[in-house]
file query-v7.pdb (PDB, C-alpha atoms, pLDDT in the B column)
ATOM      1  CA  MET A   1      -3.540  20.626 108.745  1.00 84.00           C
ATOM      2  CA  ILE A   2      -3.678  21.897 105.172  1.00 90.00           C
ATOM      3  CA  LYS A   3      -6.298  24.573 104.570  1.00 94.00           C
ATOM      4  CA  PHE A   4      -7.194  25.752 101.118  1.00 97.00           C
ATOM      5  CA  LYS A   5      -7.474  29.332  99.968  1.00 97.00           C
ATOM      6  CA  ARG A   6      -9.004  28.743  96.533  1.00 98.00           C
ATOM      7  CA  VAL A   7     -10.382  25.496  95.080  1.00 98.00           C
ATOM      8  CA  LEU A   8     -11.608  25.148  91.503  1.00 98.00           C
ATOM      9  CA  VAL A   9     -14.498  22.743  90.881  1.00 97.00           C
ATOM     10  CA  PRO A  10     -15.656  22.204  87.293  1.00 95.00           C
ATOM     11  CA  THR A  11     -19.180  21.000  86.664  1.00 94.00           C
ATOM     12  CA  ASP A  12     -21.109  19.631  83.722  1.00 91.00           C
ATOM     13  CA  PHE A  13     -24.190  19.534  85.995  1.00 91.00           C
ATOM     14  CA  SER A  14     -24.140  15.728  86.175  1.00 88.00           C
ATOM     15  CA  GLU A  15     -24.518  13.667  89.359  1.00 88.00           C
ATOM     16  CA  HIS A  16     -20.834  12.763  89.058  1.00 87.00           C
ATOM     17  CA  ALA A  17     -19.858  16.441  89.066  1.00 91.00           C
ATOM     18  CA  LYS A  18     -22.150  17.025  92.060  1.00 93.00           C
ATOM     19  CA  LEU A  19     -20.204  14.346  93.936  1.00 92.00           C
ATOM     20  CA  ALA A  20     -16.950  16.210  93.184  1.00 94.00           C
ATOM     21  CA  LEU A  21     -18.562  19.406  94.508  1.00 96.00           C
ATOM     22  CA  ASP A  22     -19.582  17.571  97.685  1.00 95.00           C
ATOM     23  CA  TYR A  23     -15.953  16.480  98.178  1.00 95.00           C
ATOM     24  CA  ALA A  24     -14.692  20.016  97.605  1.00 97.00           C
ATOM     25  CA  VAL A  25     -17.163  21.509 100.077  1.00 96.00           C
ATOM     26  CA  SER A  26     -15.983  19.072 102.751  1.00 95.00           C
ATOM     27  CA  LEU A  27     -12.381  20.308 102.500  1.00 96.00           C
ATOM     28  CA  PRO A  28     -10.945  22.649 105.128  1.00 96.00           C
ATOM     29  CA  PHE A  29     -10.739  26.223 103.816  1.00 96.00           C
ATOM     30  CA  GLU A  30      -8.775  29.164 105.170  1.00 95.00           C
ATOM     31  CA  GLU A  31     -10.865  31.966 106.591  1.00 94.00           C
ATOM     32  CA  GLY A  32     -12.102  33.910 103.581  1.00 94.00           C
ATOM     33  CA  GLY A  33     -11.392  30.930 101.319  1.00 95.00           C
ATOM     34  CA  GLU A  34     -13.186  30.605  98.029  1.00 97.00           C
ATOM     35  CA  LEU A  35     -14.617  27.837  95.882  1.00 98.00           C
ATOM     36  CA  LEU A  36     -14.677  28.554  92.150  1.00 98.00           C
ATOM     37  CA  LEU A  37     -17.566  26.683  90.548  1.00 98.00           C
ATOM     38  CA  VAL A  38     -16.920  26.595  86.812  1.00 97.00           C
ATOM     39  CA  HIS A  39     -18.702  25.428  83.692  1.00 95.00           C
ATOM     40  CA  SER A  40     -17.005  25.442  80.310  1.00 93.00           C
ATOM     41  CA  ILE A  41     -19.115  25.878  77.186  1.00 91.00           C
ATOM     42  CA  GLU A  42     -17.333  24.004  74.450  1.00 85.00           C
ATOM     43  CA  PRO A  43     -17.523  25.209  70.836  1.00 79.00           C
ATOM     44  CA  THR A  44     -20.516  23.970  68.876  1.00 71.00           C
ATOM     45  CA  VAL A  45     -20.001  22.728  65.353  1.00 67.00           C
ATOM     46  CA  TYR A  46     -23.060  22.873  63.151  1.00 59.00           C
ATOM     47  CA  PRO A  47     -23.332  20.416  60.243  1.00 61.00           C
ATOM     48  CA  ILE A  48     -22.838  22.030  56.856  1.00 55.00           C
ATOM     49  CA  HIS A  49     -26.209  20.801  55.628  1.00 53.00           C
ATOM     50  CA  GLN A  50     -27.951  22.546  58.526  1.00 58.00           C
ATOM     51  CA  VAL A  51     -28.754  26.122  57.673  1.00 59.00           C
ATOM     52  CA  ILE A  52     -28.443  28.377  60.679  1.00 60.00           C
ATOM     53  CA  SER A  53     -27.944  32.111  60.631  1.00 60.00           C
ATOM     54  CA  ARG A  54     -25.424  33.921  62.815  1.00 59.00           C
ATOM     55  CA  THR A  55     -28.371  35.581  64.608  1.00 65.00           C
ATOM     56  CA  ASP A  56     -29.861  32.166  65.407  1.00 63.00           C
ATOM     57  CA  GLU A  57     -26.451  30.925  66.544  1.00 62.00           C
ATOM     58  CA  LEU A  58     -26.016  33.898  68.912  1.00 67.00           C
ATOM     59  CA  SER A  59     -29.539  33.420  70.255  1.00 72.00           C
ATOM     60  CA  ILE A  60     -28.826  29.751  70.989  1.00 75.00           C
ATOM     61  CA  GLU A  61     -25.493  30.606  72.626  1.00 80.00           C
ATOM     62  CA  ASN A  62     -27.125  33.288  74.794  1.00 83.00           C
ATOM     63  CA  GLN A  63     -29.825  30.868  75.921  1.00 88.00           C
ATOM     64  CA  VAL A  64     -27.241  28.184  76.728  1.00 87.00           C
ATOM     65  CA  ARG A  65     -25.230  30.717  78.753  1.00 91.00           C
ATOM     66  CA  LYS A  66     -28.329  31.862  80.686  1.00 94.00           C
ATOM     67  CA  THR A  67     -29.329  28.275  81.462  1.00 93.00           C
ATOM     68  CA  CYS A  68     -25.810  27.389  82.601  1.00 94.00           C
ATOM     69  CA  GLN A  69     -25.638  30.460  84.828  1.00 95.00           C
ATOM     70  CA  MET A  70     -28.966  29.549  86.443  1.00 96.00           C
ATOM     71  CA  GLN A  71     -27.720  26.013  87.107  1.00 96.00           C
ATOM     72  CA  LEU A  72     -24.441  27.319  88.555  1.00 96.00           C
ATOM     73  CA  ASP A  73     -26.362  29.726  90.795  1.00 96.00           C
ATOM     74  CA  ASP A  74     -28.579  26.881  92.034  1.00 96.00           C
ATOM     75  CA  LEU A  75     -25.524  24.759  92.883  1.00 96.00           C
ATOM     76  CA  ALA A  76     -23.824  27.698  94.604  1.00 96.00           C
ATOM     77  CA  LYS A  77     -26.860  28.214  96.855  1.00 95.00           C
ATOM     78  CA  GLU A  78     -26.325  24.702  98.249  1.00 93.00           C
ATOM     79  CA  VAL A  79     -22.838  25.616  99.528  1.00 94.00           C
ATOM     80  CA  THR A  80     -22.969  27.311 102.904  1.00 91.00           C
ATOM     81  CA  ASN A  81     -19.554  26.817 104.494  1.00 90.00           C
ATOM     82  CA  VAL A  82     -17.361  28.696 102.001  1.00 95.00           C
ATOM     83  CA  ASN A  83     -17.622  31.651  99.634  1.00 96.00           C
ATOM     84  CA  VAL A  84     -18.560  30.558  96.128  1.00 97.00           C
ATOM     85  CA  ARG A  85     -17.882  32.350  92.871  1.00 97.00           C
ATOM     86  CA  THR A  86     -19.427  31.013  89.666  1.00 97.00           C
ATOM     87  CA  LEU A  87     -17.755  31.359  86.306  1.00 96.00           C
ATOM     88  CA  ILE A  88     -18.537  30.346  82.761  1.00 96.00           C
ATOM     89  CA  ARG A  89     -15.718  29.952  80.276  1.00 95.00           C
ATOM     90  CA  ASP A  90     -15.875  29.440  76.520  1.00 93.00           C
ATOM     91  CA  GLY A  91     -13.556  26.792  75.140  1.00 92.00           C
ATOM     92  CA  TYR A  92     -12.430  23.231  75.619  1.00 91.00           C
ATOM     93  CA  ALA A  93     -12.896  22.292  79.263  1.00 92.00           C
ATOM     94  CA  SER A  94      -9.455  20.866  80.027  1.00 92.00           C
ATOM     95  CA  GLU A  95      -7.643  23.866  78.531  1.00 94.00           C
ATOM     96  CA  GLU A  96      -9.921  26.383  80.234  1.00 95.00           C
ATOM     97  CA  LEU A  97      -9.650  24.681  83.631  1.00 96.00           C
ATOM     98  CA  VAL A  98      -5.844  24.539  83.602  1.00 97.00           C
ATOM     99  CA  GLU A  99      -5.621  28.156  82.457  1.00 97.00           C
ATOM    100  CA  MET A 100      -8.158  29.344  85.016  1.00 96.00           C
ATOM    101  CA  ALA A 101      -6.457  27.508  87.883  1.00 97.00           C
ATOM    102  CA  ASP A 102      -3.238  29.363  87.040  1.00 97.00           C
ATOM    103  CA  GLU A 103      -4.934  32.747  86.560  1.00 97.00           C
ATOM    104  CA  GLU A 104      -6.852  32.474  89.821  1.00 97.00           C
ATOM    105  CA  GLY A 105      -3.983  31.044  91.882  1.00 97.00           C
ATOM    106  CA  CYS A 106      -5.910  27.897  92.832  1.00 97.00           C
ATOM    107  CA  ASP A 107      -4.501  25.552  95.463  1.00 96.00           C
ATOM    108  CA  LEU A 108      -6.441  22.561  94.178  1.00 98.00           C
ATOM    109  CA  ILE A 109      -8.749  21.358  91.416  1.00 97.00           C
ATOM    110  CA  VAL A 110     -11.465  18.859  92.386  1.00 97.00           C
ATOM    111  CA  ILE A 111     -12.830  17.097  89.297  1.00 94.00           C
ATOM    112  CA  SER A 112     -15.033  14.112  88.575  1.00 90.00           C
ATOM    113  CA  THR A 113     -13.563  11.300  86.497  1.00 85.00           C
ATOM    114  CA  HIS A 114     -16.955  10.761  84.850  1.00 70.00           C
ATOM    115  CA  GLY A 115     -17.015  11.580  81.171  1.00 55.00           C
ATOM    116  CA  ARG A 116     -16.441   9.966  77.849  1.00 47.00           C
ATOM    117  CA  SER A 117     -16.212   6.223  77.550  1.00 50.00           C
ATOM    118  CA  GLY A 118     -15.515   3.657  74.864  1.00 49.00           C
ATOM    119  CA  ILE A 119     -14.303   4.895  71.483  1.00 46.00           C
ATOM    120  CA  LYS A 120     -14.651   8.605  72.354  1.00 46.00           C
ATOM    121  CA  HIS A 121     -12.380   8.047  75.361  1.00 45.00           C
ATOM    122  CA  LEU A 122      -9.841   6.133  73.257  1.00 44.00           C
ATOM    123  CA  LEU A 123      -9.723   8.837  70.603  1.00 41.00           C
ATOM    124  CA  MET A 124      -9.913  11.935  72.791  1.00 41.00           C
ATOM    125  CA  GLY A 125      -9.057  10.946  76.360  1.00 54.00           C
ATOM    126  CA  SER A 126     -10.910  12.437  79.281  1.00 85.00           C
ATOM    127  CA  THR A 127     -11.046  15.980  80.553  1.00 89.00           C
ATOM    128  CA  ALA A 128      -9.928  14.816  83.997  1.00 90.00           C
ATOM    129  CA  GLU A 129      -6.883  13.025  82.550  1.00 90.00           C
ATOM    130  CA  ARG A 130      -5.800  16.092  80.591  1.00 92.00           C
ATOM    131  CA  VAL A 131      -6.267  18.336  83.626  1.00 94.00           C
ATOM    132  CA  VAL A 132      -4.200  15.988  85.809  1.00 93.00           C
ATOM    133  CA  ARG A 133      -1.400  15.982  83.221  1.00 94.00           C
ATOM    134  CA  LYS A 134      -1.315  19.745  82.617  1.00 96.00           C
ATOM    135  CA  ALA A 135      -2.347  21.460  85.863  1.00 96.00           C
ATOM    136  CA  SER A 136       0.344  23.207  87.875  1.00 96.00           C
ATOM    137  CA  CYS A 137      -1.573  22.670  91.138  1.00 97.00           C
ATOM    138  CA  PRO A 138      -2.682  19.380  92.729  1.00 97.00           C
ATOM    139  CA  VAL A 139      -5.779  17.710  91.300  1.00 97.00           C
ATOM    140  CA  LEU A 140      -8.178  15.564  93.309  1.00 95.00           C
ATOM    141  CA  THR A 141     -10.104  13.218  91.045  1.00 93.00           C
ATOM    142  CA  VAL A 142     -13.408  11.967  92.358  1.00 92.00           C
ATOM    143  CA  ARG A 143     -14.802   8.711  91.089  1.00 85.00           C
ATOM    144  CA  LYS A 144     -18.327   7.491  91.550  1.00 75.00           C
ATOM    145  CA  PRO A 145     -18.262   4.931  94.350  1.00 70.00           C
ATOM    146  CA  MET A 146     -18.670   1.351  93.216  1.00 61.00           C
ATOM    147  CA  PRO A 147     -21.526  -0.580  94.838  1.00 64.00           C
ATOM    148  CA  HIS A 148     -20.335  -2.884  97.588  1.00 61.00           C
ATOM    149  CA  PRO A 149     -21.292  -6.543  97.203  1.00 67.00           C
ATOM    150  CA  GLU A 150     -23.435  -7.696 100.079  1.00 64.00           C
TER     151      GLU A 150
END
call {"tool": "encode", "arguments": {"input": "query-v7.pdb", "output": "structure tokens"}}
result
Amino acid sequence: MIKFKRVLVPTDFSEHAKLALDYAVSLPFEEGGELLLVHSIEPTVYPIHQVISRTDELSIENQVRKTCQMQLDDLAKEVTNVNVRTLIRDGYASEELVEMADEEGCDLIVISTHGRSGIKHLLMGSTAERVVRKASCPVLTVRKPMPHPE
């Protein structure tokens, strides 16, 4: 049986991401294994017509980081069968996840396929797709179950 030493699970705090976390938690881990619960804060672009000072921008960024850390901590408390480490990265999610998986020596990435749809998906693709294409470790994509017709 395969047992995992380190599994990376990104979250955007959606129900879809929670489902991916549930899958990851159900995996068999080696003794002392670790689950890396990660949120990536993507760069914010402010419209030119909106006047915002650098101090205001830093205050907003600090508040976003604090809120994300609280949410990560809450999710981590729900995991009882494996050690959890929470991390926040700054940058585009797909790039940060692939880089982090390499840096941390992850055996697996478990990621939700939920994300952009329609035109945004056509123009930019999805984070999960980019991670699958670029990751050097296996990637388990988790899709929201479709309702079964009765």
call {"tool": "resolve_selection", "arguments": {"input": "query-v7.pdb", "expression": "the PyMOL selection byres ((chain A and resi 109-113) around 6)", "output": "PyMOL selection string"}}
result
chain A and resi 7-9+16-17+20+108+114+128+139-143
call {"tool": "resolve_selection", "arguments": {"input": "query-v7.pdb", "expression": "the PyMOL selection byres ((chain A and resi 68-84) around 10)", "output": "ChimeraX atom specification"}}
result
/A:6-8,11-13,18,21-22,25-41,62-67,85-88
call {"tool": "closest_residue", "arguments": {"input": "query-v7.pdb", "among": "A:Cys106, A:Ile60, A:Ala93, A:Ala101", "to": "A:Ser126", "atoms": "only C-alpha atoms"}}
result
A:Ala93
call {"tool": "closest_residue", "arguments": {"input": "query-v7.pdb", "among": "A:Thr127, A:Glu61, A:Ser14, A:Met1", "to": "A:Tyr92", "atoms": "only C-alpha atoms"}}
result
A:Thr127
call {"tool": "atom_distance", "arguments": {"input": "query-v7.pdb", "atom1": "atom CA of A:Lys144", "atom2": "atom CA of A:Val98"}}
result
22.6 Å
call {"tool": "resolve_selection", "arguments": {"input": "query-v7.pdb", "expression": "the PyMOL selection byres ((chain A and resi 136) around 8)", "output": "PDB file with C-alpha atoms, in the coordinates of the input"}}
result
ATOM      1  CA  VAL A  98      -5.844  24.539  83.602  1.00 97.00           C
ATOM      2  CA  ASP A 102      -3.238  29.363  87.040  1.00 97.00           C
ATOM      3  CA  LYS A 134      -1.315  19.745  82.617  1.00 96.00           C
ATOM      4  CA  ALA A 135      -2.347  21.460  85.863  1.00 96.00           C
ATOM      5  CA  CYS A 137      -1.573  22.670  91.138  1.00 97.00           C
ATOM      6  CA  PRO A 138      -2.682  19.380  92.729  1.00 97.00           C
TER       7      PRO A 138
END
call {"tool": "closest_residue", "arguments": {"input": "query-v7.pdb", "among": "A:Asp90, A:Glu15, A:Glu42, A:Glu96", "to": "A:Val131", "atoms": "all atoms listed in the file"}}
result
A:Glu96
call {"tool": "atom_distance", "arguments": {"input": "query-v7.pdb", "atom1": "atom CA of A:Val132", "atom2": "atom CA of A:Leu97"}}
result
10.5 Å
